[in-house]
file protein.csv (CSV, C-alpha atoms and all ligand atoms)
chain,number,residue,atom,x,y,z
A,17,MET,CA,111.0,77.4,101.7
A,18,THR,CA,109.4,76.0,104.9
A,19,LEU,CA,110.9,77.6,108.0
A,20,LEU,CA,108.8,75.9,110.6
A,21,GLN,CA,106.5,72.9,110.6
A,22,VAL,CA,104.3,71.9,113.5
A,23,ASP,CA,103.0,68.4,113.4
A,24,ASN,CA,100.2,67.0,115.6
A,25,LEU,CA,101.0,69.0,118.7
A,26,ARG,CA,99.2,68.2,121.9
A,27,VAL,CA,99.8,70.0,125.2
A,28,ARG,CA,98.2,69.1,128.5
A,29,TYR,CA,97.8,71.1,131.7
A,30,ASP,CA,96.9,69.3,134.9
A,31,THR,CA,94.5,71.6,136.9
A,32,PRO,CA,92.6,71.1,140.1
A,33,ARG,CA,89.5,70.5,138.0
A,34,GLY,CA,91.2,67.8,136.0
A,35,PRO,CA,93.5,67.6,132.9
A,36,LEU,CA,92.9,69.8,130.0
A,37,TRP,CA,94.3,69.8,126.5
A,38,ALA,CA,95.1,73.4,125.7
A,39,VAL,CA,96.4,72.4,122.3
A,40,ASP,CA,95.3,69.3,120.4
A,41,GLN,CA,96.1,67.9,117.0
A,42,LEU,CA,97.7,71.1,115.9
A,43,SER,CA,99.6,71.1,112.6
A,44,PHE,CA,100.7,74.1,110.5
A,45,LYS,CA,103.6,75.3,108.3
A,46,LEU,CA,105.3,78.6,108.2
A,47,GLU,CA,107.0,79.5,104.9
A,48,SER,CA,109.8,82.0,104.5
A,49,GLY,CA,108.4,85.6,104.1
A,50,GLU,CA,105.0,84.6,105.3
A,51,MET,CA,102.8,85.7,108.2
A,52,VAL,CA,100.5,83.0,109.7
A,53,ALA,CA,97.9,84.1,112.2
A,54,LEU,CA,96.4,82.2,115.0
A,55,VAL,CA,93.0,83.6,116.1
A,56,GLY,CA,90.3,82.5,118.5
A,57,GLU,CA,88.6,83.4,121.7
A,58,SER,CA,90.4,83.7,125.0
A,59,GLY,CA,91.6,80.3,126.2
A,60,SER,CA,91.6,78.7,122.8
A,61,GLY,CA,95.3,77.7,123.0
A,62,LYS,CA,97.1,80.4,121.0
A,63,SER,CA,99.7,81.4,123.6
A,64,THR,CA,100.3,77.8,124.6
A,65,THR,CA,101.1,77.1,120.9
A,66,ALA,CA,103.5,80.0,121.0
A,67,LEU,CA,105.2,78.7,124.2
A,68,ALA,CA,105.5,75.2,122.7
A,69,ILE,CA,107.4,76.5,119.6
A,70,LEU,CA,109.9,78.2,122.0
A,71,GLY,CA,110.2,75.1,124.2
A,72,LEU,CA,108.7,76.9,127.1
A,73,VAL,CA,105.7,74.7,127.9
A,74,PRO,CA,107.5,73.0,130.8
A,75,TYR,CA,108.1,76.4,132.4
A,76,SER,CA,104.4,77.1,132.3
A,77,GLY,CA,103.6,73.9,134.1
A,78,GLY,CA,102.3,72.0,131.0
A,79,THR,CA,103.4,68.8,129.3
A,80,VAL,CA,103.9,68.4,125.5
A,81,GLU,CA,102.2,65.0,125.1
A,82,THR,CA,102.8,64.5,121.4
A,83,GLY,CA,104.0,66.3,118.4
A,84,GLU,CA,107.0,67.5,116.4
A,85,ILE,CA,108.2,71.0,115.6
A,86,TRP,CA,110.6,71.0,112.7
A,87,TYR,CA,113.0,73.9,112.2
A,88,GLY,CA,116.2,73.8,110.2
A,89,GLY,CA,116.1,70.0,109.9
A,90,ARG,CA,115.7,69.4,113.6
A,91,ASN,CA,112.8,68.5,115.8
A,92,LEU,CA,112.8,71.3,118.4
A,93,LEU,CA,110.9,69.2,120.9
A,94,ALA,CA,113.8,66.7,121.0
A,95,LEU,CA,116.4,69.4,121.8
A,96,ASP,CA,117.8,69.7,125.3
A,97,GLU,CA,117.5,73.0,127.2
A,98,ARG,CA,121.0,74.1,126.4
A,99,GLU,CA,120.5,73.7,122.6
A,100,PHE,CA,117.1,75.3,122.8
A,101,ARG,CA,118.5,78.3,124.6
A,102,LYS,CA,120.9,78.9,121.7
A,103,LEU,CA,118.0,79.1,119.2
A,104,ARG,CA,115.8,81.3,121.3
A,105,ALA,CA,116.2,85.0,120.4
A,106,SER,CA,118.9,84.3,117.8
A,107,GLU,CA,116.7,82.3,115.5
A,108,ILE,CA,113.3,82.0,116.9
A,109,ALA,CA,112.1,84.9,119.0
A,110,LEU,CA,109.0,85.6,120.9
A,111,VAL,CA,107.2,88.8,121.6
A,112,PHE,CA,105.3,88.0,124.8
A,113,GLN,CA,101.7,88.9,125.3
A,114,ASP,CA,102.6,90.9,128.4
A,115,ALA,CA,105.4,93.3,127.8
A,116,SER,CA,105.7,94.4,131.5
A,117,ALA,CA,106.4,90.8,132.6
A,118,ALA,CA,108.9,90.2,129.8
A,119,LEU,CA,111.2,93.2,130.5
A,120,ASN,CA,113.6,93.2,133.4
A,121,PRO,CA,112.4,96.1,135.7
A,122,PHE,CA,115.9,96.6,137.1
A,123,LEU,CA,117.8,97.2,133.9
A,124,THR,CA,117.6,100.1,131.5
A,125,ILE,CA,116.0,99.5,128.1
A,126,GLY,CA,119.4,100.2,126.5
A,127,LEU,CA,121.2,97.6,128.5
A,128,GLN,CA,118.6,94.9,127.8
A,129,LEU,CA,118.8,95.6,124.1
A,130,ALA,CA,122.5,95.8,124.1
A,131,GLU,CA,122.9,92.5,125.9
A,132,VAL,CA,121.0,90.7,123.1
A,133,LEU,CA,123.2,92.2,120.5
A,134,GLU,CA,126.4,91.4,122.4
A,135,VAL,CA,125.4,87.8,122.9
A,136,HIS,CA,123.9,87.0,119.6
A,137,ARG,CA,125.8,89.3,117.2
A,138,GLY,CA,129.1,89.7,119.0
A,139,LEU,CA,129.0,93.5,119.1
A,140,SER,CA,131.0,95.6,121.5
A,141,ARG,CA,129.0,97.5,124.2
A,142,ARG,CA,129.4,100.8,122.3
A,143,GLU,CA,128.3,99.3,118.9
A,144,ALA,CA,125.5,97.5,120.7
A,145,LEU,CA,124.1,100.7,122.3
A,146,LYS,CA,124.3,102.5,119.0
A,147,GLU,CA,122.4,99.7,117.2
A,148,SER,CA,119.9,99.6,120.1
A,149,ALA,CA,119.1,103.3,119.6
A,150,ARG,CA,118.5,102.6,115.9
A,151,ALA,CA,116.2,99.6,116.8
A,152,LEU,CA,114.2,101.8,119.2
A,153,GLY,CA,113.8,104.4,116.4
A,154,ASP,CA,112.7,101.7,114.0
A,155,VAL,CA,109.7,100.8,116.2
A,156,GLY,CA,108.8,104.5,116.5
A,157,ILE,CA,110.1,105.4,119.9
A,158,PRO,CA,110.8,109.1,119.9
A,159,ASP,CA,114.2,110.4,121.0
A,160,PRO,CA,115.7,106.9,121.1
A,161,GLU,CA,119.2,107.8,122.4
A,162,SER,CA,117.8,109.3,125.6
A,163,ARG,CA,115.2,106.4,126.0
A,164,LEU,CA,118.2,104.0,126.2
A,165,HIS,CA,118.7,105.2,129.7
A,166,ALA,CA,115.1,104.7,130.8
A,167,TYR,CA,113.9,101.9,133.0
A,168,PRO,CA,110.8,99.9,131.8
A,169,HIS,CA,108.5,101.7,134.3
A,170,GLU,CA,109.5,105.0,132.9
A,171,LEU,CA,108.0,104.1,129.5
A,172,SER,CA,104.3,104.1,128.6
A,173,GLY,CA,102.6,100.7,128.0
A,174,GLY,CA,102.8,101.2,124.3
A,175,GLN,CA,106.4,102.1,124.4
A,176,ARG,CA,107.3,99.1,126.5
A,177,GLN,CA,105.5,96.9,124.0
A,178,ARG,CA,107.5,98.6,121.2
A,179,ALA,CA,110.8,98.2,123.1
A,180,LEU,CA,110.1,94.5,123.5
A,181,ILE,CA,109.4,94.2,119.8
A,182,ALA,CA,112.7,96.0,119.1
A,183,MET,CA,114.5,93.5,121.4
A,184,SER,CA,113.0,90.6,119.6
A,185,LEU,CA,114.1,91.9,116.2
A,186,VAL,CA,117.7,93.0,116.9
A,187,ALA,CA,119.1,89.5,116.7
A,188,LYS,CA,117.4,89.1,113.3
A,189,PRO,CA,115.5,85.9,114.1
A,190,LYS,CA,114.3,83.8,111.2
A,191,VAL,CA,111.0,83.1,113.0
A,192,LEU,CA,109.2,85.6,115.1
A,193,ILE,CA,106.3,84.5,117.3
A,194,ALA,CA,104.3,87.6,118.1
A,195,ASP,CA,101.6,87.1,120.8
A,196,GLU,CA,99.3,90.1,120.7
A,197,PRO,CA,102.1,92.4,119.8
A,198,THR,CA,99.8,95.4,119.1
A,199,THR,CA,97.3,95.1,121.9
A,200,ALA,CA,98.7,97.9,124.0
A,201,LEU,CA,99.2,100.2,121.0
A,202,ASP,CA,97.0,102.7,119.4
A,203,PRO,CA,95.9,101.9,115.8
A,204,ALA,CA,98.5,104.1,114.1
A,205,VAL,CA,101.4,102.6,116.0
A,206,ALA,CA,100.0,99.1,115.6
A,207,LEU,CA,100.0,99.6,111.8
A,208,ALA,CA,103.6,100.9,112.0
A,209,VAL,CA,104.7,97.8,113.9
A,210,LEU,CA,103.0,95.6,111.4
A,211,ASP,CA,104.8,97.5,108.6
A,212,LEU,CA,108.0,96.8,110.4
A,213,LEU,CA,107.2,93.1,110.6
A,214,LYS,CA,106.4,93.2,106.9
A,215,ARG,CA,109.8,94.6,106.1
A,216,GLU,CA,111.5,91.9,108.1
A,217,ARG,CA,109.6,89.3,106.0
A,218,GLU,CA,110.2,90.9,102.6
A,219,GLU,CA,113.8,92.0,103.1
A,220,ARG,CA,115.2,88.9,105.0
A,221,GLY,CA,112.6,86.3,104.4
A,222,ALA,CA,111.7,86.0,108.1
A,223,GLY,CA,108.5,84.2,109.0
A,224,VAL,CA,106.0,85.6,111.5
A,225,VAL,CA,103.4,83.7,113.6
A,226,LEU,CA,101.0,86.4,114.7
A,227,VAL,CA,98.5,85.8,117.6
A,228,SER,CA,95.9,88.5,117.6
A,229,HIS,CA,92.4,89.3,118.6
A,230,ASP,CA,92.2,92.1,116.0
A,231,LEU,CA,90.6,90.3,113.1
A,232,GLU,CA,90.7,93.4,110.9
A,233,LEU,CA,94.4,93.6,111.3
A,234,VAL,CA,94.8,89.8,110.7
A,235,HIS,CA,92.6,90.1,107.6
A,236,ALA,CA,94.8,93.0,106.3
A,237,THR,CA,98.2,91.6,107.1
A,238,ALA,CA,98.3,87.8,107.4
A,239,ASN,CA,98.8,85.4,104.5
A,240,ARG,CA,97.1,82.5,106.2
A,241,VAL,CA,94.9,82.1,109.2
A,242,HIS,CA,94.3,79.2,111.6
A,243,VAL,CA,91.1,79.6,113.7
A,244,MET,CA,91.4,77.9,117.0
A,245,TYR,CA,88.5,76.7,119.2
A,246,ALA,CA,89.1,74.8,122.5
A,247,GLY,CA,92.6,73.9,121.6
A,248,ARG,CA,92.0,72.7,118.0
A,249,VAL,CA,92.2,74.4,114.7
A,250,ILE,CA,88.7,74.4,113.3
A,251,GLU,CA,89.4,76.2,110.1
A,252,GLN,CA,92.5,77.2,108.1
A,253,ALA,CA,92.5,79.3,105.0
A,254,ASP,CA,94.1,82.2,103.2
A,255,ALA,CA,93.3,85.4,105.1
A,256,HIS,CA,91.4,87.1,102.3
A,257,GLU,CA,89.1,84.0,101.8
A,258,LEU,CA,88.6,83.1,105.4
A,259,PHE,CA,86.6,86.0,106.7
A,260,GLU,CA,84.8,86.8,103.5
A,261,ARG,CA,83.6,83.3,102.9
A,262,PRO,CA,84.0,81.3,106.1
A,263,TRP,CA,83.3,77.6,106.1
A,264,HIS,CA,83.0,77.1,109.8
A,265,PRO,CA,80.0,78.7,111.8
A,266,TYR,CA,82.5,79.7,114.5
A,267,THR,CA,84.7,81.7,112.0
A,268,ALA,CA,81.5,83.4,110.7
A,269,ALA,CA,80.4,84.2,114.2
A,270,LEU,CA,83.8,85.7,115.1
A,271,TRP,CA,83.7,87.9,112.1
A,272,ARG,CA,80.1,88.9,112.7
A,273,ALA,CA,80.9,89.8,116.3
A,274,ARG,CA,83.6,92.1,115.0
A,275,ALA,CA,81.3,93.7,112.4
A,276,ARG,CA,78.6,94.5,115.0
A,277,ILE,CA,80.7,97.2,116.6
A,278,GLY,CA,80.2,99.3,113.6
A,279,GLY,CA,83.6,99.2,111.9
A,280,GLU,CA,85.4,100.7,114.9
A,281,ARG,CA,88.8,99.1,115.6
A,282,GLN,CA,88.5,96.6,118.3
A,283,HIS,CA,91.4,94.9,120.1
A,284,ARG,CA,89.6,92.3,122.1
A,285,LEU,CA,87.1,90.1,120.4
A,286,ALA,CA,83.5,91.1,120.8
A,287,ALA,CA,81.4,88.2,122.2
A,288,VAL,CA,80.3,85.3,120.1
A,289,PRO,CA,76.9,84.2,121.5
A,290,GLY,CA,77.0,81.4,124.1
A,291,ALA,CA,79.6,80.4,126.7
A,292,PRO,CA,83.2,79.5,125.6
A,293,ALA,CA,84.0,75.8,125.9
A,294,GLU,CA,85.0,74.5,129.3
A,295,LEU,CA,88.3,72.6,128.5
A,296,THR,CA,88.1,70.2,131.5
A,297,ALA,CA,84.6,69.1,130.4
A,298,LEU,CA,84.4,69.3,126.6
A,299,PRO,CA,81.0,68.1,125.2
A,300,PRO,CA,80.9,65.0,123.1
A,301,GLY,CA,81.0,65.6,119.3
A,302,CYS,CA,82.0,68.9,118.0
A,303,ALA,CA,83.2,71.2,120.8
A,304,PHE,CA,81.3,74.1,119.3
A,305,HIS,CA,77.9,72.4,118.9
A,306,PRO,CA,76.3,73.9,122.1
A,307,ARG,CA,76.7,77.3,120.6
A,308,CYS,CA,76.0,76.4,117.0
A,309,GLU,CA,72.7,77.2,115.2
A,310,LEU,CA,73.4,74.6,112.6
A,311,ALA,CA,74.1,71.7,114.9
A,312,THR,CA,72.6,68.4,114.1
A,313,ASP,CA,72.5,65.0,115.9
A,314,ARG,CA,75.7,64.0,114.2
A,315,CYS,CA,77.5,67.2,115.5
A,316,ARG,CA,76.4,66.2,119.1
A,317,ARG,CA,77.8,62.7,118.6
A,318,GLU,CA,80.8,62.8,116.3
A,319,ARG,CA,83.8,65.1,116.2
A,320,PRO,CA,84.5,66.4,112.7
A,321,ASP,CA,88.1,66.4,111.3
A,322,LEU,CA,89.6,69.2,109.2
A,323,SER,CA,88.8,68.5,105.6
A,324,GLY,CA,88.0,70.3,102.3
A,325,LEU,CA,84.6,70.9,100.8
A,326,ARG,CA,82.8,67.9,99.3
A,327,ARG,CA,81.1,69.8,96.5
A,328,ALA,CA,82.7,72.1,94.1
A,329,GLU,CA,79.5,73.8,92.9
A,330,THR,CA,79.4,76.2,95.9
A,331,GLY,CA,81.3,78.8,94.0
A,332,VAL,CA,84.0,79.0,96.7
A,333,SER,CA,87.4,78.6,95.2
A,334,LEU,CA,89.1,75.4,96.4
A,335,SER,CA,92.5,76.8,97.2
A,336,SER,CA,95.1,74.3,98.3
A,337,GLY,CA,95.1,73.6,102.0
A,338,ARG,CA,91.8,75.3,102.8
A,339,ARG,CA,90.0,73.2,105.4
A,340,ALA,CA,87.3,73.3,108.1
A,341,ALA,CA,86.3,70.9,110.8
A,342,CYS,CA,82.5,71.0,110.4
A,343,PHE,CA,79.9,68.6,109.1
A,344,GLU,CA,77.8,71.4,107.8
A,345,LYS,CA,80.5,73.4,106.1
A,346,GLU,CA,78.9,73.0,102.7
A,347,ARG,CA,75.9,74.8,104.0
A,348,VAL,CA,77.9,77.6,105.5
A,349,ALA,CA,80.1,78.0,102.4
A,350,GLY,CA,77.0,77.6,100.2
A,351,ALA,CA,75.2,80.4,102.0
A,352,HIS,CA,78.1,82.7,101.2
A,353,ALA,CA,78.2,81.6,97.6
A,354,GLU,CA,74.5,82.5,97.2
A,355,ALA,CA,75.1,85.8,98.9
A,356,PHE,CA,77.9,86.6,96.6
A,357,ASP,CA,76.1,85.4,93.5
A,358,ALA,CA,73.0,87.5,94.3
A,401,LIG,P1,94.1,84.5,125.4
A,401,LIG,O1,93.4,85.0,124.2
A,401,LIG,O2,93.3,84.9,126.6
A,401,LIG,O3,95.5,84.9,125.6
A,401,LIG,P2,94.9,81.9,124.6
A,401,LIG,O4,94.3,81.4,123.3
A,401,LIG,O5,96.3,82.4,124.4
A,401,LIG,O6,94.0,82.9,125.4
A,401,LIG,P3,96.1,79.9,126.4
A,401,LIG,O7,96.8,80.9,127.3
A,401,LIG,O8,97.0,79.1,125.4
A,401,LIG,O9,94.9,80.6,125.5
A,401,LIG,O10,95.3,78.9,127.3
A,401,LIG,C1,94.7,77.8,126.8
A,401,LIG,C2,94.0,77.0,127.9
A,401,LIG,O11,95.0,76.5,128.8
A,401,LIG,C3,93.1,77.9,128.8
A,401,LIG,O12,92.0,77.1,129.1
A,401,LIG,C4,94.0,78.2,130.0
A,401,LIG,O13,93.2,78.3,131.1
A,401,LIG,C5,94.8,76.9,130.1
A,401,LIG,N1,96.1,77.2,130.6
A,401,LIG,C6,97.0,78.1,130.1
A,401,LIG,N2,98.2,78.1,130.9
A,401,LIG,C7,97.9,77.3,131.9
A,401,LIG,C8,98.7,76.9,133.1
A,401,LIG,N3,99.9,77.3,133.3
A,401,LIG,N4,98.1,76.0,133.9
A,401,LIG,C9,96.9,75.5,133.7
A,401,LIG,N5,96.1,75.8,132.6
A,401,LIG,C10,96.6,76.7,131.8
A,402,MG,MG,97.2,84.2,125.0

call {"tool": "encode", "arguments": {"input": "protein.csv", "output": "structure tokens"}}
result
Amino acid sequence: MTLLQVDNLRVRYDTPRGPLWAVDQLSFKLESGEMVALVGESGSGKSTTALAILGLVPYSGGTVETGEIWYGGRNLLALDEREFRKLRASEIALVFQDASAALNPFLTIGLQLAEVLEVHRGLSRREALKESARALGDVGIPDPESRLHAYPHELSGGQRQRALIAMSLVAKPKVLIADEPTTALDPAVALAVLDLLKREREERGAGVVLVSHDLELVHATANRVHVMYAGRVIEQADAHELFERPWHPYTAALWRARARIGGERQHRLAAVPGAPAELTALPPGCAFHPRCELATDRCRRERPDLSGLRRAETGVSLSSGRRAACFEKERVAGAHAEAFDA
């Protein structure tokens, strides 16, 4: 069952240097029980996508120019703020990139959690606090009963992040948008959090949109991945196929950049050679061409659309929905096919 469907989303920010499209022609589907990951360098439009799904783009100073976001038979972008507020937290929840900014510094963790439970699940204060302690325990916070009385600044960065995740999950949302939920966590805790999200998906059919810089983690936990570059999806594929046999040179470079650090877990992306795209002055043709070793004249002139492979004899399985926006993708995919055949 499709939980969420984003169609042709386009978001503009007006900046002193001119307008920029942080998200452009973005479409994807999230099925029940599935985890879809958005990856890409800093500034590629991942958080803006997350904000759009929650109806929060206007609050960040941006404008949704086009697009539809379908959830439960309704186009979210056509809802008014009052209707949207009802959906937020109860049905579609967001774990913000910055936990410190998302928690209220003047309220204890327990009260912040309990409030969500009182509003969205109608629990009494007592029940809500009991349930809150359980939720904190679920995300691995030690001695949760006593932590209920702590203020956000009394927790470590990792614990704040976990408290925020607990807060997002207590209302049992159908869709969870998690923007770098594990960045502040050490690897063991990050895995525990991902396990928790997996349980939510398997036990209640929740869907997760994961934004992450940690490609190893995405590879290990996501079902499908959308790779973003300069606001656009340049490749989409099943997680296990994407990194092992990328079709787009940018995906291949992202994965190589991760590999160069010798298998050590890396939370920020290691650098892909060349400067990231300047969104207020995108080059003509493919936005990635100035950094691409395979670029041809056509890449400098024309912008490639997302499409499947033209030839079947590359040895890459043509799974449904796999696409890349690259004129040279047969060469990239073919190079892998040869490497795998050898
Ligand atoms: P990161 O990995 O650093 O979190 P991201 O992929 O989440 O990056 P976004 O935060 O969505 O990227 O930003 C996409 C682009 O939009 C960037 O160029 C950013 O500078 C720009 N942008 C984001 N928010 C605003 C804003 N409020 N006003 C103007 N420009 C913005
Ligand atoms: Mg972001």

call {"tool": "residues_near_point", "arguments": {"input": "protein.csv", "point": "(85.8, 72.4, 111.2)", "cutoff": "7 Å", "atoms": "only C-alpha atoms", "output": "JSON, numbers by chain"}}
result
{"A": [250, 251, 264, 320, 321, 322, 340, 341, 342]}

call {"tool": "residues_around", "arguments": {"input": "protein.csv", "residues": "segment 41-55 of chain A", "least_positions_apart": "6", "cutoff": "7 Å", "atoms": "all atoms listed in the file", "output": "PyMOL selection string"}}
result
chain A and resi 17-26+62+217-218+221-229+234+238-244+248-249

call {"tool": "residues_near_ligand", "arguments": {"input": "protein.csv", "ligand": "ligand LIG 401 (chain A)", "cutoff": "10 Å", "atoms": "all atoms listed in the file", "output": "MDAnalysis selection string"}}
result
chainID A and resid 27:39 54:68 73:78 113:114 195:196 227:229 244:247 284:285 292:296

call {"tool": "atom_distance", "arguments": {"input": "protein.csv", "atom1": "atom CA of Arg137 of chain A", "atom2": "atom CA of Ser106 of chain A"}}
result
8.5 Å

call {"tool": "closest_residue", "arguments": {"input": "protein.csv", "among": "A:Thr199, A:Gln177, A:Thr124, A:Thr237", "to": "ligand MG 402 (chain A)", "atoms": "all atoms listed in the file"}}
result
A:Thr199

call {"tool": "closest_residue", "arguments": {"input": "protein.csv", "among": "A:Ala194, A:Val80, A:Ala206, A:Ile157", "to": "ligand MG 402 (chain A)", "atoms": "only C-alpha atoms and all ligand atoms"}}
result
A:Ala194

call {"tool": "atom_distance", "arguments": {"input": "protein.csv", "atom1": "atom CA of Val205 of chain A", "atom2": "atom CA of Leu258 of chain A"}}
result
25.6 Å

call {"tool": "residues_around", "arguments": {"input": "protein.csv", "residues": "Gly324 of chain A", "least_positions_apart": "5", "cutoff": "9 Å", "atoms": "all atoms listed in the file", "output": "PDB file with C-alpha atoms, keeping the file's coordinate frame"}}
result
ATOM      1  CA  LEU A 334      89.100  75.400  96.400  1.00  0.00           C
ATOM      2  CA  GLY A 337      95.100  73.600 102.000  1.00  0.00           C
ATOM      3  CA  ARG A 338      91.800  75.300 102.800  1.00  0.00           C
ATOM      4  CA  ARG A 339      90.000  73.200 105.400  1.00  0.00           C
ATOM      5  CA  ALA A 340      87.300  73.300 108.100  1.00  0.00           C
ATOM      6  CA  ALA A 341      86.300  70.900 110.800  1.00  0.00           C
ATOM      7  CA  LYS A 345      80.500  73.400 106.100  1.00  0.00           C
TER       8      LYS A 345
END

call {"tool": "atom_distance", "arguments": {"input": "protein.csv", "atom1": "atom CA of Leu145 of chain A", "atom2": "atom CA of Ala130 of chain A"}}
result
5.5 Å

call {"tool": "residues_around", "arguments": {"input": "protein.csv", "residues": "Leu93 of chain A", "least_positions_apart": "3", "cutoff": "9 Å", "atoms": "only C-alpha atoms", "output": "list in words"}}
result
Ala68, Ile69, Gly71, Val80, Gly83, Glu84, Ile85, Trp86, Arg90, Asp96 and Phe100 of chain A

call {"tool": "closest_residue", "arguments": {"input": "protein.csv", "among": "A:Val111, A:Leu201, A:Pro158, A:Ala268", "to": "ligand MG 402 (chain A)", "atoms": "only C-alpha atoms and all ligand atoms"}}
result
A:Val111

call {"tool": "closest_residue", "arguments": {"input": "protein.csv", "among": "A:Ala349, A:Leu210, A:Ile193, A:Leu233", "to": "ligand MG 402 (chain A)", "atoms": "only C-alpha atoms and all ligand atoms"}}
result
A:Ile193

call {"tool": "closest_residue", "arguments": {"input": "protein.csv", "among": "A:Gly126, A:Phe112, A:Gln252, A:Pro262", "to": "ligand MG 402 (chain A)", "atoms": "all atoms listed in the file"}}
result
A:Phe112

call {"tool": "closest_residue", "arguments": {"input": "protein.csv", "among": "A:His305, A:Arg316, A:Arg163, A:Arg274", "to": "Leu129 of chain A", "atoms": "all atoms listed in the file"}}
result
A:Arg163

call {"tool": "residues_around", "arguments": {"input": "protein.csv", "residues": "segment 165-175 of chain A", "least_positions_apart": "5", "cutoff": "9 Å", "atoms": "only C-alpha atoms", "output": "count of residues only"}}
result
21
